[in-house]
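Have a look at upload-v3.cif below; it lists mmCIF, C-alpha atoms.
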data_my_file
loop_
_atom_site.label_atom_id
_atom_site.label_comp_id
_atom_site.auth_asym_id
_atom_site.auth_seq_id
_atom_site.Cartn_x
_atom_site.Cartn_y
_atom_site.Cartn_z
CA GLU V 1 -5.50 29.53 -9.42
CA TYR V 2 -7.51 32.45 -7.99
CA GLY V 3 -8.37 30.31 -4.96
CA GLU V 4 -9.69 27.41 -7.05
CA PHE V 5 -8.10 23.98 -7.43
CA LEU V 6 -7.13 23.18 -11.01
CA TYR V 7 -7.24 19.41 -10.55
CA ASP V 8 -9.54 16.87 -8.92
CA ALA V 9 -6.90 14.28 -8.03
CA LEU V 10 -3.33 14.08 -6.79
CA ILE V 11 -1.03 11.05 -7.18
CA LEU V 12 2.02 11.03 -4.91
CA PHE V 13 4.59 8.47 -6.05
CA SER V 14 7.47 10.16 -4.26
CA PRO V 15 7.86 8.43 -0.88
CA LYS V 16 11.40 9.71 -0.27
CA THR V 17 10.67 13.38 -0.92
CA GLU V 18 11.48 15.77 1.91
CA GLU V 19 9.36 18.56 0.41
CA PHE V 20 6.81 18.71 -2.37
CA GLY V 21 7.98 21.99 -3.86
CA GLY V 22 6.28 25.29 -4.54
CA ASN V 23 3.39 26.02 -2.23
CA VAL V 24 2.45 22.36 -1.87
CA ASP V 25 2.73 20.97 1.65
CA VAL V 26 0.88 18.52 3.90
CA ALA V 27 -1.57 21.20 5.06
CA GLY V 28 -2.35 22.13 1.47
CA ILE V 29 -2.93 18.50 0.48
CA LEU V 30 -5.29 18.04 3.44
CA GLU V 31 -7.17 21.15 2.31
CA PHE V 32 -7.39 19.52 -1.13
CA VAL V 33 -8.97 16.43 0.48
CA ASP V 34 -11.27 18.56 2.63
CA SER V 35 -12.59 20.10 -0.59
CA GLY V 36 -13.77 16.64 -1.70
CA ARG V 37 -10.87 15.74 -3.95
CA ASN V 38 -8.87 12.51 -4.10
CA VAL V 39 -5.29 11.41 -3.41
CA ILE V 40 -3.30 8.23 -4.07
CA ILE V 41 -0.16 7.82 -1.96
CA ALA V 42 2.59 5.24 -2.46
CA ALA V 43 4.99 4.75 0.45
CA SER V 44 8.11 2.59 0.79
CA PRO V 45 10.52 1.42 3.51
CA ASP V 46 12.57 4.61 3.04
CA VAL V 47 9.54 6.88 3.32
CA ALA V 48 10.28 10.44 4.42
CA ASP V 49 8.43 12.54 6.99
CA PRO V 50 6.00 14.42 4.67
CA ILE V 51 4.38 11.23 3.34
CA ARG V 52 4.43 9.68 6.81
CA GLU V 53 2.70 12.77 8.25
CA LEU V 54 0.15 12.86 5.43
CA ALA V 55 -0.69 9.18 5.92
CA ALA V 56 -1.17 9.75 9.65
CA GLU V 57 -3.53 12.65 8.98
CA CYS V 58 -5.51 10.25 6.77
CA GLY V 59 -5.83 7.67 9.53
CA VAL V 60 -2.92 5.27 9.08
CA GLU V 61 0.45 4.89 10.77
CA LEU V 62 3.35 3.66 8.65
CA ASP V 63 5.96 1.45 10.29
CA ASP V 64 9.46 2.66 11.15
CA GLU V 65 12.00 3.57 8.48
CA LYS V 66 13.62 0.60 6.70
CA ALA V 67 10.87 -1.78 7.87
CA PHE V 68 9.51 -4.24 5.31
CA VAL V 69 6.56 -6.57 5.39
CA ILE V 70 8.04 -10.07 5.85
CA ASP V 71 6.28 -13.39 5.37
CA HIS V 72 8.25 -16.62 5.68
CA LEU V 73 5.34 -18.73 4.40
CA ASN V 74 3.85 -16.61 1.62
CA PHE V 75 6.59 -15.25 -0.60
CA ASP V 76 7.60 -15.47 -4.24
CA ALA V 77 10.11 -18.19 -5.09
CA ALA V 78 12.43 -15.51 -6.51
CA ASP V 79 13.05 -14.50 -2.88
CA VAL V 80 13.73 -18.00 -1.56
CA ASN V 81 17.30 -17.12 -0.57
CA GLY V 82 16.42 -13.58 0.47
CA PRO V 83 14.68 -11.98 3.45
CA HIS V 84 11.22 -13.06 2.23
CA THR V 85 10.08 -9.48 1.63
CA LEU V 86 8.71 -10.22 -1.85
CA VAL V 87 5.37 -11.10 -0.34
CA LEU V 88 2.36 -12.70 -2.01
CA ALA V 89 -0.92 -11.28 -0.74
CA ASP V 90 -4.47 -12.37 -1.45
CA ASP V 91 -6.41 -11.08 1.58
CA ILE V 92 -8.38 -8.47 -0.39
CA ILE V 93 -11.39 -6.46 0.68
CA LYS V 94 -14.54 -8.16 -0.55
CA SER V 95 -15.89 -5.29 -2.64
CA LYS V 96 -16.14 -5.43 -6.43
CA ILE V 97 -16.88 -1.71 -6.43
CA ILE V 98 -13.43 -1.00 -4.97
CA VAL V 99 -11.19 -3.73 -6.39
CA GLY V 100 -13.20 -5.68 -8.94
CA THR V 101 -12.29 -9.36 -9.20
CA VAL V 102 -8.69 -10.44 -8.58
CA GLU V 103 -7.91 -14.10 -9.19
CA THR V 104 -4.14 -14.31 -8.64
CA PRO V 105 -1.85 -13.24 -5.77
CA ILE V 106 -0.57 -9.69 -5.56
CA LEU V 107 3.15 -9.01 -5.40
CA PHE V 108 4.08 -6.63 -2.61
CA ARG V 109 7.42 -5.38 -1.37
CA GLY V 110 7.14 -2.46 1.00
CA ILE V 111 6.31 -1.16 4.45
CA GLY V 112 3.46 -2.18 6.73
CA GLN V 113 0.84 0.11 8.20
CA THR V 114 -1.92 0.10 10.79
CA ILE V 115 -5.15 2.04 11.22
CA ILE V 116 -4.93 4.70 13.93
CA ASP V 117 -7.51 4.35 16.71
CA ASP V 118 -9.55 1.93 14.58
CA ASN V 119 -10.76 4.84 12.45
CA PRO V 120 -14.08 3.63 10.98
CA LEU V 121 -13.56 5.67 7.81
CA VAL V 122 -10.42 3.73 6.85
CA LEU V 123 -10.84 0.49 4.90
CA LYS V 124 -8.47 -2.48 4.92
CA VAL V 125 -8.05 -2.97 1.18
CA LEU V 126 -5.13 -5.44 1.18
CA SER V 127 -3.81 -7.27 4.24
CA GLY V 128 -0.99 -9.70 4.92
CA SER V 129 -1.44 -13.32 5.91
CA LYS V 130 -1.43 -14.69 9.46
CA SER V 131 2.32 -15.34 9.12
CA SER V 132 3.24 -11.81 8.02
CA TYR V 133 4.73 -8.97 10.04
CA SER V 134 6.49 -5.66 9.45
CA TYR V 135 10.05 -5.26 10.71
CA VAL V 136 13.57 -4.27 9.68
CA PRO V 137 14.96 -7.42 8.00
CA SER V 138 18.53 -6.81 9.16
CA LYS V 139 17.53 -6.56 12.84
CA ALA V 140 16.98 -9.42 15.24
CA LEU V 141 13.33 -9.66 16.26
CA LYS V 142 13.56 -8.67 19.93
CA GLU V 143 10.33 -6.72 20.31
CA ALA V 144 6.79 -6.96 19.04
CA PRO V 145 6.42 -5.54 15.52
CA LEU V 146 4.08 -2.62 14.89
CA VAL V 147 1.85 -4.99 12.92
CA MET V 148 1.76 -8.75 12.58
CA GLY V 149 -0.51 -11.52 11.39
CA ASP V 150 -3.61 -10.59 9.46
CA GLY V 151 -3.39 -7.18 11.17
CA THR V 152 -0.53 -6.40 8.79
CA LEU V 153 -2.06 -3.80 6.51
CA LEU V 154 -0.52 -3.35 3.06
CA VAL V 155 -2.99 -1.01 1.35
CA SER V 156 -5.64 1.14 3.02
CA ALA V 157 -8.27 3.56 1.79
CA LEU V 158 -9.98 6.47 3.48
CA GLN V 159 -13.45 7.43 2.34
CA ALA V 160 -14.10 10.72 4.09
CA ARG V 161 -17.52 12.01 5.07
CA ASN V 162 -17.40 14.42 2.11
CA ASN V 163 -16.75 11.37 -0.15
CA ALA V 164 -13.13 12.35 -0.79
CA ARG V 165 -10.95 9.27 -1.17
CA VAL V 166 -7.35 8.68 -0.14
CA VAL V 167 -5.49 5.45 -0.88
CA VAL V 168 -2.28 4.68 1.03
CA ALA V 169 -0.19 1.84 -0.43
CA GLY V 170 2.85 0.67 1.51
CA SER V 171 4.68 -0.16 -1.71
CA LEU V 172 5.61 2.00 -4.68
CA GLU V 173 7.06 -1.05 -6.38
CA MET V 174 3.68 -2.78 -6.56
CA PHE V 175 2.62 -0.16 -9.15
CA SER V 176 5.61 -0.90 -11.41
CA ASN V 177 5.44 -2.42 -14.89
CA LYS V 178 7.72 -5.16 -13.59
CA PHE V 179 5.24 -6.23 -10.93
CA PHE V 180 2.28 -5.80 -13.30
CA SER V 181 3.73 -8.18 -15.87
CA SER V 182 5.56 -10.57 -13.56
CA SER V 183 4.64 -14.21 -13.22
CA VAL V 184 4.21 -15.50 -9.69
CA GLN V 185 5.55 -18.63 -8.05
CA LYS V 186 4.43 -19.23 -4.50
CA TYR V 187 7.28 -21.04 -2.79
CA LEU V 188 6.38 -24.37 -1.22
CA PRO V 189 8.89 -26.33 0.90
CA ASP V 190 8.31 -29.56 -1.06
CA GLY V 191 9.58 -27.85 -4.24
CA HIS V 192 6.25 -28.03 -6.05
CA ASN V 193 5.78 -24.28 -6.28
CA GLU V 194 2.33 -22.94 -7.11
CA SER V 195 2.62 -20.95 -10.34
CA PHE V 196 0.55 -18.16 -11.89
CA ALA V 197 1.20 -16.68 -15.33
CA LYS V 198 0.72 -13.14 -14.10
CA SER V 199 0.37 -11.35 -10.79
CA GLY V 200 -2.90 -9.76 -9.71
CA ASN V 201 -1.32 -6.32 -9.40
CA GLU V 202 -2.63 -4.85 -12.64
CA PRO V 203 -6.34 -5.68 -12.22
CA PHE V 204 -6.23 -4.92 -8.51
CA LEU V 205 -4.60 -1.51 -8.86
CA ASN V 206 -6.49 -0.53 -12.01
CA GLU V 207 -9.83 -1.01 -10.24
CA LEU V 208 -8.63 0.54 -6.98
CA THR V 209 -7.35 3.59 -8.86
CA LYS V 210 -10.68 4.01 -10.67
CA TRP V 211 -12.47 3.89 -7.32
CA ALA V 212 -10.04 6.30 -5.69
CA LEU V 213 -10.35 8.82 -8.51
CA GLN V 214 -14.14 8.34 -8.67
CA GLU V 215 -14.00 7.42 -12.35
#
Transcribe the structure of this file into structure tokens.
Amino acid sequence: EYGEFLYDALILFSPKTEEFGGNVDVAGILEFVDSGRNVIIAASPDVADPIRELAAECGVELDDEKAFVIDHLNFDAADVNGPHTLVLADDIIKSKIIVGTVETPILFRGIGQTIIDDNPLVLKVLSGSKSSYSYVPSKALKEAPLVMGDGTLLVSALQARNNARVVVAGSLEMFSNKFFSSSVQKYLPDGHNESFAKSGNEPFLNELTKWALQE
């Protein structure tokens, strides 16, 4: 209003949106970040162009439409007969300031991403395991995926030179109450699944959100 921003943070949990509405567009959101303010973005495998463009402007490339992170060795037992897209991730940035302490695996179902041109301002907050990759589950794997192995980025964070912060998560679902409260069973071929009473999503995302919003 009158050339001044009314808010200090923007949370975009609308990966499929084709337009933000009103006068809000990618250029306006980038201006918001340039002013030192903060943004949290949740993407998904059906992410539309505005979120994809915004993520790219913040230093990360999202994989192609309908691509999921897949991991045939690190997935929840609930997905044993599925495409193994309900991934368990525990490769977390070693920074208590950003993510606190997370003691159980994080449930993730979403799209992979990679840092553009090794941008030094972008942090790898949550990565996949060495057996993970991002691809369209229904397609035969005939070409190298955009990301694979421990280069499979699930959640990234930009800390700009003006201290503005932008988090890009490849999964909207990981923020859900279902994933927050869900128990976790890491599937093991011998049938002795490794069990956890609750996923690490809630502590991980609570602390990351506090960092992103500079609380």
| message | Quick one: residues within 7 Å of Leu123 in chain V, all atoms listed in the file, excluding same-chain residues fewer than 2 positions away - as a PyMOL selection string? | response | chain V and resi 121+125+156-158
| Residues at most 7 Å from Leu107 in chain V, counting all atoms listed in the file, excluding those fewer than 5 positions away in the same chain, as a PyMOL selection string? | chain V and resi 86-89+174+179+199+201
With C-alpha atoms retained, could you export that selection as an mmCIF file, in the frame of the given file?
data_model
loop_
_atom_site.group_PDB
_atom_site.id
_atom_site.type_symbol
_atom_site.label_atom_id
_atom_site.label_comp_id
_atom_site.auth_asym_id
_atom_site.auth_seq_id
_atom_site.Cartn_x
_atom_site.Cartn_y
_atom_site.Cartn_z
ATOM 1 C CA LEU V 86 8.710 -10.220 -1.850
ATOM 2 C CA VAL V 87 5.370 -11.100 -0.340
ATOM 3 C CA LEU V 88 2.360 -12.700 -2.010
ATOM 4 C CA ALA V 89 -0.920 -11.280 -0.740
ATOM 5 C CA MET V 174 3.680 -2.780 -6.560
ATOM 6 C CA PHE V 179 5.240 -6.230 -10.930
ATOM 7 C CA SER V 199 0.370 -11.350 -10.790
ATOM 8 C CA ASN V 201 -1.320 -6.320 -9.400
#
| Given the choices V:Lys130, V:Lys94, V:Arg165, V:Lys198, which gets closest to Leu213 in chain V if the distance is worked out from only C-alpha atoms? | V:Arg165
| query | When the PyMOL selection byres ((chain V and resi 117) around 10) is applied to the file above, which residues end up in the set, as a list in words? | reply |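 Applied to this file, the PyMOL selection byres ((chain V and resi 117) around 10) selects Gly59, Val60, Glu61, Thr114, Ile115, Ile116, Asp118, Asn119 and Pro120 of chain V.
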| query | What residues come out when you apply the PyMOL selection byres ((chain V and resi 50) around 7) to this file, written as a PyMOL selection string? | reply | chain V and resi 18-19+26+48-49+51-54
| message | For this structure, which residues satisfy the selection - the PyMOL selection byres ((chain V and resi 131) around 6) - when it is evaluated on the file as given? I want them as a list in words. | response | Asp71, Ser129, Lys130, Ser132 and Gly149 of chain V
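CA of Gln113 in chain V is positioned 24.0 Å from CA of Val184 in chain V.
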| task | Would you mind listing what lies within 8 Å of Asn162 in chain V as a PyMOL selection string, with only C-alpha atoms counted and same-chain residues fewer than 6 positions away left out? | result | chain V and resi 34-36
| What lies within 10 Å of Val99 in chain V using only C-alpha atoms, ignoring chain neighbours under 4 positions off, as a PyMOL selection string? | chain V and resi 92-95+125-126+203-211
| task | Mind giving me the straight-line distance from CA of Glu4 in chain V to CA of Arg37 in chain V in Å, one decimal? | result | 12.1 Å
| request: Could you give me, as number ranges by chain, the residues within 10 Å of range 82-84 of chain V, counting only C-alpha atoms and dropping anything in the same chain fewer than 2 positions from it? | output: V: 68-80, 86-88, 109, 132, 136-138
| Nearest to Thr104 in chain V by atom-to-atom distance, counting only C-alpha atoms, from V:Val47, V:Leu188, V:Ala56, V:Ala197 |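 When distances to Thr104 in chain V are compared using only C-alpha atoms, the smallest one comes from V:Ala197.
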| request: One decimal, Å: what's the distance from CA of Ala42 in chain V over to CA of Ile29 in chain V, could you say? | output: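 That distance, rounded to one decimal, is 14.7 Å.
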| Which is closest to Ser182 in chain V among V:Gly200, V:Gly21, V:Gly151, V:Pro45, if we use only C-alpha atoms? | V:Gly200
What would the list of residues within 9 Å of (3.6, -2.6, -3.2) (file frame) look like as a JSON list (two decimals) with C-alpha atoms, keeping the file's coordinate frame, if all atoms listed in the file are what count?
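Output contents, as saved in selection.json:
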[["chain", "number", "residue", "atom", "x", "y", "z"],
["V", 42, "ALA", "CA", 2.59, 5.24, -2.46],
["V", 43, "ALA", "CA", 4.99, 4.75, 0.45],
["V", 44, "SER", "CA", 8.11, 2.59, 0.79],
["V", 106, "ILE", "CA", -0.57, -9.69, -5.56],
["V", 107, "LEU", "CA", 3.15, -9.01, -5.40],
["V", 108, "PHE", "CA", 4.08, -6.63, -2.61],
["V", 109, "ARG", "CA", 7.42, -5.38, -1.37],
["V", 110, "GLY", "CA", 7.14, -2.46, 1.00],
["V", 111, "ILE", "CA", 6.31, -1.16, 4.45],
["V", 154, "LEU", "CA", -0.52, -3.35, 3.06],
["V", 155, "VAL", "CA", -2.99, -1.01, 1.35],
["V", 169, "ALA", "CA", -0.19, 1.84, -0.43],
["V", 170, "GLY", "CA", 2.85, 0.67, 1.51],
["V", 171, "SER", "CA", 4.68, -0.16, -1.71],
["V", 172, "LEU", "CA", 5.61, 2.00, -4.68],
["V", 173, "GLU", "CA", 7.06, -1.05, -6.38],
["V", 174, "MET", "CA", 3.68, -2.78, -6.56],
["V", 175, "PHE", "CA", 2.62, -0.16, -9.15],
["V", 176, "SER", "CA", 5.61, -0.90, -11.41],
["V", 179, "PHE", "CA", 5.24, -6.23, -10.93],
["V", 201, "ASN", "CA", -1.32, -6.32, -9.40]]
| field | Using only C-alpha atoms: which of V:Val147, V:Val102, V:Ile97, V:Val33 has the shortest distance to Tyr135 in chain V | value | V:Val147
With N, CA, C and O atoms as the goal, would you fill in the gaps in range 107-121 of chain V and present it as a compact mmCIF listing (two decimals), in the frame of the given file?
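The new file rebuild.txt reads:
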# COMPACT_ATOMS: atom_id res chain seq x y z
N LEU V 107 1.77 -9.17 -5.84
CA LEU V 107 3.15 -9.01 -5.40
C LEU V 107 3.28 -7.71 -4.62
O LEU V 107 2.83 -6.65 -5.07
N PHE V 108 3.92 -7.80 -3.47
CA PHE V 108 4.08 -6.63 -2.61
C PHE V 108 5.46 -6.66 -1.98
O PHE V 108 5.88 -7.66 -1.41
N ARG V 109 6.17 -5.55 -2.11
CA ARG V 109 7.42 -5.38 -1.37
C ARG V 109 7.43 -3.95 -0.84
O ARG V 109 7.54 -3.00 -1.61
N GLY V 110 7.25 -3.81 0.45
CA GLY V 110 7.14 -2.46 1.00
C GLY V 110 6.95 -2.48 2.50
O GLY V 110 7.23 -3.48 3.19
N ILE V 111 6.44 -1.39 3.02
CA ILE V 111 6.31 -1.16 4.45
C ILE V 111 4.89 -1.47 4.92
O ILE V 111 3.93 -1.32 4.16
N GLY V 112 4.77 -1.92 6.16
CA GLY V 112 3.46 -2.18 6.73
C GLY V 112 2.84 -0.94 7.35
O GLY V 112 3.51 0.06 7.59
N GLN V 113 1.56 -1.01 7.60
CA GLN V 113 0.84 0.11 8.20
C GLN V 113 -0.28 -0.41 9.09
O GLN V 113 -0.64 -1.59 9.04
N THR V 114 -0.80 0.46 9.92
CA THR V 114 -1.92 0.10 10.79
C THR V 114 -2.87 1.28 10.87
O THR V 114 -2.46 2.44 10.72
N ILE V 115 -4.14 0.98 11.11
CA ILE V 115 -5.15 2.04 11.22
C ILE V 115 -5.07 2.67 12.61
O ILE V 115 -5.02 1.97 13.62
N ILE V 116 -5.04 3.98 12.65
CA ILE V 116 -4.93 4.70 13.93
C ILE V 116 -6.29 4.75 14.62
O ILE V 116 -7.29 5.16 14.03
N ASP V 117 -6.30 4.30 15.87
CA ASP V 117 -7.51 4.35 16.71
C ASP V 117 -8.72 3.70 16.04
O ASP V 117 -9.86 4.13 16.24
N ASP V 118 -8.45 2.66 15.24
CA ASP V 118 -9.55 1.93 14.58
C ASP V 118 -10.52 2.87 13.87
O ASP V 118 -11.74 2.72 13.93
N ASN V 119 -9.96 3.86 13.18
CA ASN V 119 -10.76 4.84 12.45
C ASN V 119 -11.78 4.15 11.54
O ASN V 119 -11.41 3.42 10.62
N PRO V 120 -13.07 4.34 11.77
CA PRO V 120 -14.08 3.63 10.98
C PRO V 120 -14.16 4.08 9.53
O PRO V 120 -14.81 3.41 8.72
N LEU V 121 -13.53 5.19 9.18
CA LEU V 121 -13.56 5.67 7.81
C LEU V 121 -12.46 5.07 6.95
O LEU V 121 -12.46 5.25 5.73
